[in-house]
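*Asks:* What follows is a structure written as structure tokens; I'll ask about it next.
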Amino acid sequence: MKKKIGIIFIILSFVLWILIPVIPFLSFGAGLKTAIVSGLFIGGEVFFWLGALLAGKDIVKNFIKKYWRREKKDDDLS
């Protein structure tokens with residue numbers, strides 16, 4: 001159950017990050033836009049790290065290996 005909640009938190013953090021570029025196009029004042037973007041930024045980070053803690057080291061490690069690490073190809077010179 002903790003792992004499922006952790007995964008949901010991680011997905012929610014990405015949703016919050018995706019919403020940030022939308023805020024400047026809304027018809028709010030500059031101060032309110034700044035507050036919303038700051039809240040989304042902080043909320044995204046908090047949900048990601050809480051999700052990582054709840055999901056566990058093995059799930060986070062597999063996620064990073066699968067999506068964030070670039071595999072080296074045989075024809076890479078570096």
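Please note that chains go A, B, ... in the order of the structure tokens, that every chain numbers its residues from 1, and that ligands are numbered from 1 in the order shown.
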Write out as a PyMOL selection string each polymer residue whose atoms come within 9 Å of Ala52 of chain A, counting only C-alpha atoms; drop sequence neighbours fewer than 3 positions from it.
*Replies:* chain A and resi 3+6-7+9-10+47-49+55-57+59-60
*Asks:* Check the DSSP output for the backbone and give back, as a PyMOL selection string, the residues of segment 6-78 of chain A in alpha helix (DSSP H).
*Replies:* chain A and resi 6-19+30-55+57-63
*Asks:* Check the smallest atom-to-atom distance from each of A:Phe63, A:Ser27, A:Gly51, A:Asp58 to Ile8 of chain A using only C-alpha atoms, then report the winner.
*Replies:*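 Distance minimum relative to Ile8 of chain A lands on A:Gly51.
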*Asks:* Calculated over only C-alpha atoms, which of the candidates A:Val37, A:Ile64, A:Val46, A:Leu54 has the smallest distance to Ile18 of chain A?
*Replies:*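 Among A:Val37, A:Ile64, A:Val46, A:Leu54, it is A:Val37 that comes nearest to Ile18 of chain A.
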*Asks:* Of the candidates A:Tyr67, A:Trp17, A:Lys4, A:Leu12, which one gets nearest to Gly39 of chain A if we count only C-alpha atoms?
*Replies:*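 Distance minimum relative to Gly39 of chain A lands on A:Trp17.
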